[in-house]
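Accompanying notes for the structure given below.
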Amino acid sequence: MKKTVRFLFLAAACTILSCAPKTGAPSNKAEKVIAAIHDPSSKYVVVACHRGDWRNYPENSLGAIESVIRMGADIVEIDLKLTKDSVLVLSHDRTCNRMTTGKGDISTMTYDSLATFNLKTAHNVAIPGTRITTFREALELCKDRIVINVDQGFQYYDLVVKLTDSLDMTDQILIKGKKAREVVAGEMEGSRMMYMPIIDIQKTRGKDLFAQYEDWYAQTGEAPLAYEVCFSILDEEVEECCRKVVAQGSKLWINTLWASLCGGYHDDAAYDGDPDEIYGKILSLGTSMIQTDRPEFLINWLKKKGRR
């Protein structure tokens with residue numbers, strides 16, 4: 001059996017020393033989560049929240065982030081966009097139309113102009129006194145309290161790491177994407193930031209990407225810290241992929257937001273039906289990281305099962 005090297009990303013030039021997490025006992029919640037992510041033997045299931053608590057606050061807002069921190073979540077997933085004057089802000093969409101009272105492409109607008117609009121909830125209700133969140137504001141709120149997963153944002157890596165380094169938070173960031181191993185290694189060489197490839201294992205591009213990482217592991221024994229595996233139907237191919245991920249010593253991240261991402265074993269099915277049947281099946285794949293739209297519900301269920 002090959003020895004798994006705990007790299008934050010797969011760069012041949014990276015040393016274990018430069019990429020290892022901080023040593024010593026965790027002194028805060030974020031360090032506890034980071035330690036669990038780096039420990040392939042940990043039974044602790046890490047809970048990641050999709051755009052914060054968007055059911056009760058505007059998505060990707062400070063209120064949504066603070067709410068999931070209070071719930072006890074481990075990771076908050078956010079999306080980044082860049083304004084005309086090079087300010088990183090939190091937004092899933094290219095435009096500000098859906099989630100603010102304004103209209104326009106974020107990349108063509110200055111931050112000051114965006115800040116004149118109020119945020120809106122998922123039910124299209126404007127919240128007076130709120131405004132689009134900057135990445136710096138999110139970092140300052142999350143420091144030492146929760147890990148940040150940057151979903152959309154790898155293209156802004158240089159700007160992201162400049163900010164996180166300035167706040168001594170780079171090891172608190174997990175960035176993910178569908179880039180080739182060589183691209184990630186070249187971009188992130190020497191960084192303490194965590195990286196996770198997204199594998200759409202039932203699509204040709206996803207199969208090819210997973211094969212790249214498998215080949216690298218076979219040659220070097222080095223594996224990604226974690227993989228996100230997405231699938232529309234839970235079949236033998238998916239189960240085999242998950243087994244390989246776990247066998248490498250990598251964490252397995254399953255996205256339970258929508259049926260199309262997890263073979264139908266999703267949050268609403270658990271919430272409206274039998275969570276043992278839904279989340280239990282997800283855990284049976286070897287899953288140790290779950291992204292959810294129902295964080296409080298999932299956290300309480302995991303506690304009952306002794307996985308937190």
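Identifiers for the structure tokens are assigned positionally: chains receive A, B, ... in sequence, residues are indexed from 1 per chain, and ligands are indexed from 1 in the order shown.
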
Check the DSSP output for the backbone and give back, as a VMD selection string, the residues of region 6-193 of chain A in alpha helix (DSSP H). chain A and resid 16 to 19 29 to 38 62 to 71 111 to 114 135 to 142 157 to 166 181 to 188

Which residues come within 9 Å of Glu237 (chain A), counting only C-alpha atoms, excluding same-chain residues fewer than 5 positions away, as a PyMOL selection string? chain A and resi 201-202+242

Given the selection you just returned, output its residues as a file containing C-alpha atoms, formatted as a compact mmCIF listing (two decimals), in the first residue's frame.
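Okay, this is what ended up in selection19.txt:
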# COMPACT_ATOMS: atom_id res chain seq x y z
CA ILE A 201 -17.23 11.10 -12.10
CA GLN A 202 -20.07 10.26 -14.52
CA CYS A 242 -15.30 6.80 -3.53

To one decimal place, how far is CA of Val33 (chain A) from CA of Tyr157 (chain A) in Å?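 Computed distance, CA of Val33 (chain A) to CA of Tyr157 (chain A), equals 22.2 Å.
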
Just want the 12 Å neighbourhood of Asp235 (chain A), counted on only C-alpha atoms, with same-chain residues fewer than 2 positions away dropped. Output as a PyMOL selection string. chain A and resi 201-202+230-233+237-242+262-264+285

Please, which residues of region 33-163 of chain A, numbered as in this document, come out strand (DSSP E or B) from DSSP, as a list in words?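 Listing strand (DSSP E or B) positions across region 33-163 of chain A yields Val46, Val47, Ala48, Cys49, His50, Ile75, Val76, Glu77, Ile78, Leu80, Lys81, Leu82, Leu88, Val89, Leu90, Thr95, Thr100, Asp105, Leu119, Lys120, Ala126, Ile127, Thr134, Val147, Ile148, Asn149 and Val150 of chain A.
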
Please determine, counting only C-alpha atoms, which residue among A:Phe117, A:Trp301, A:Phe135, A:Tyr57 has the shortest atom-to-atom distance to Pro275 (chain A).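 Nearest candidate to Pro275 (chain A) out of A:Phe117, A:Trp301, A:Phe135, A:Tyr57: A:Trp301.
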
Could you give me, as a VMD selection string, the residues within 9 Å of Ile65 (chain A), counting only C-alpha atoms and dropping anything in the same chain fewer than 4 positions from it? chain A and resid 49 51 to 54 57 59 to 61 69 to 70 76 138 141 to 142

Preceding selection exported with N, CA and C atoms as a PDB file, in the first residue's frame:
ATOM      1  N   CYS A  49     -21.460  24.714   4.810  1.00  0.00           N
ATOM      2  CA  CYS A  49     -22.743  25.386   4.563  1.00  0.00           C
ATOM      3  C   CYS A  49     -22.705  26.162   3.258  1.00  0.00           C
ATOM      4  N   ARG A  51     -23.305  28.903   0.890  1.00  0.00           N
ATOM      5  CA  ARG A  51     -23.557  30.352   0.877  1.00  0.00           C
ATOM      6  C   ARG A  51     -24.066  30.869   2.223  1.00  0.00           C
ATOM      7  N   GLY A  52     -23.709  30.178   3.310  1.00  0.00           N
ATOM      8  CA  GLY A  52     -24.171  30.577   4.634  1.00  0.00           C
ATOM      9  C   GLY A  52     -25.623  30.190   4.860  1.00  0.00           C
ATOM     10  N   ASP A  53     -26.236  30.798   5.838  1.00  0.00           N
ATOM     11  CA  ASP A  53     -27.640  30.513   6.188  1.00  0.00           C
ATOM     12  C   ASP A  53     -28.561  31.343   5.289  1.00  0.00           C
ATOM     13  N   TRP A  54     -28.672  30.897   4.026  1.00  0.00           N
ATOM     14  CA  TRP A  54     -29.439  31.689   3.062  1.00  0.00           C
ATOM     15  C   TRP A  54     -30.948  31.590   3.273  1.00  0.00           C
ATOM     16  N   TYR A  57     -31.140  34.663   5.879  1.00  0.00           N
ATOM     17  CA  TYR A  57     -30.402  35.888   5.565  1.00  0.00           C
ATOM     18  C   TYR A  57     -30.087  35.887   4.066  1.00  0.00           C
ATOM     19  N   GLU A  59     -28.012  35.360   0.928  1.00  0.00           N
ATOM     20  CA  GLU A  59     -26.878  34.466   0.720  1.00  0.00           C
ATOM     21  C   GLU A  59     -25.575  35.255   0.592  1.00  0.00           C
ATOM     22  N   ASN A  60     -24.483  34.623   1.003  1.00  0.00           N
ATOM     23  CA  ASN A  60     -23.158  35.236   0.906  1.00  0.00           C
ATOM     24  C   ASN A  60     -23.058  36.567   1.659  1.00  0.00           C
ATOM     25  N   SER A  61     -23.887  36.729   2.689  1.00  0.00           N
ATOM     26  CA  SER A  61     -23.851  37.963   3.480  1.00  0.00           C
ATOM     27  C   SER A  61     -23.189  37.699   4.824  1.00  0.00           C
ATOM     28  N   ILE A  69     -22.003  30.044  11.775  1.00  0.00           N
ATOM     29  CA  ILE A  69     -20.983  29.926  12.823  1.00  0.00           C
ATOM     30  C   ILE A  69     -21.658  29.613  14.156  1.00  0.00           C
ATOM     31  N   ARG A  70     -22.747  30.321  14.458  1.00  0.00           N
ATOM     32  CA  ARG A  70     -23.486  30.062  15.701  1.00  0.00           C
ATOM     33  C   ARG A  70     -24.068  28.654  15.724  1.00  0.00           C
ATOM     34  N   VAL A  76     -17.851  27.474   5.716  1.00  0.00           N
ATOM     35  CA  VAL A  76     -18.847  28.245   4.984  1.00  0.00           C
ATOM     36  C   VAL A  76     -18.363  28.362   3.545  1.00  0.00           C
ATOM     37  N   ALA A 138     -15.556  39.315   4.991  1.00  0.00           N
ATOM     38  CA  ALA A 138     -15.856  37.921   5.303  1.00  0.00           C
ATOM     39  C   ALA A 138     -14.694  37.260   6.031  1.00  0.00           C
ATOM     40  N   LEU A 141     -14.525  38.379   9.655  1.00  0.00           N
ATOM     41  CA  LEU A 141     -15.574  37.761  10.462  1.00  0.00           C
ATOM     42  C   LEU A 141     -15.249  36.303  10.789  1.00  0.00           C
ATOM     43  N   CYS A 142     -14.640  35.617   9.832  1.00  0.00           N
ATOM     44  CA  CYS A 142     -14.413  34.174   9.971  1.00  0.00           C
ATOM     45  C   CYS A 142     -13.111  33.798  10.668  1.00  0.00           C
TER      46      CYS A 142
END
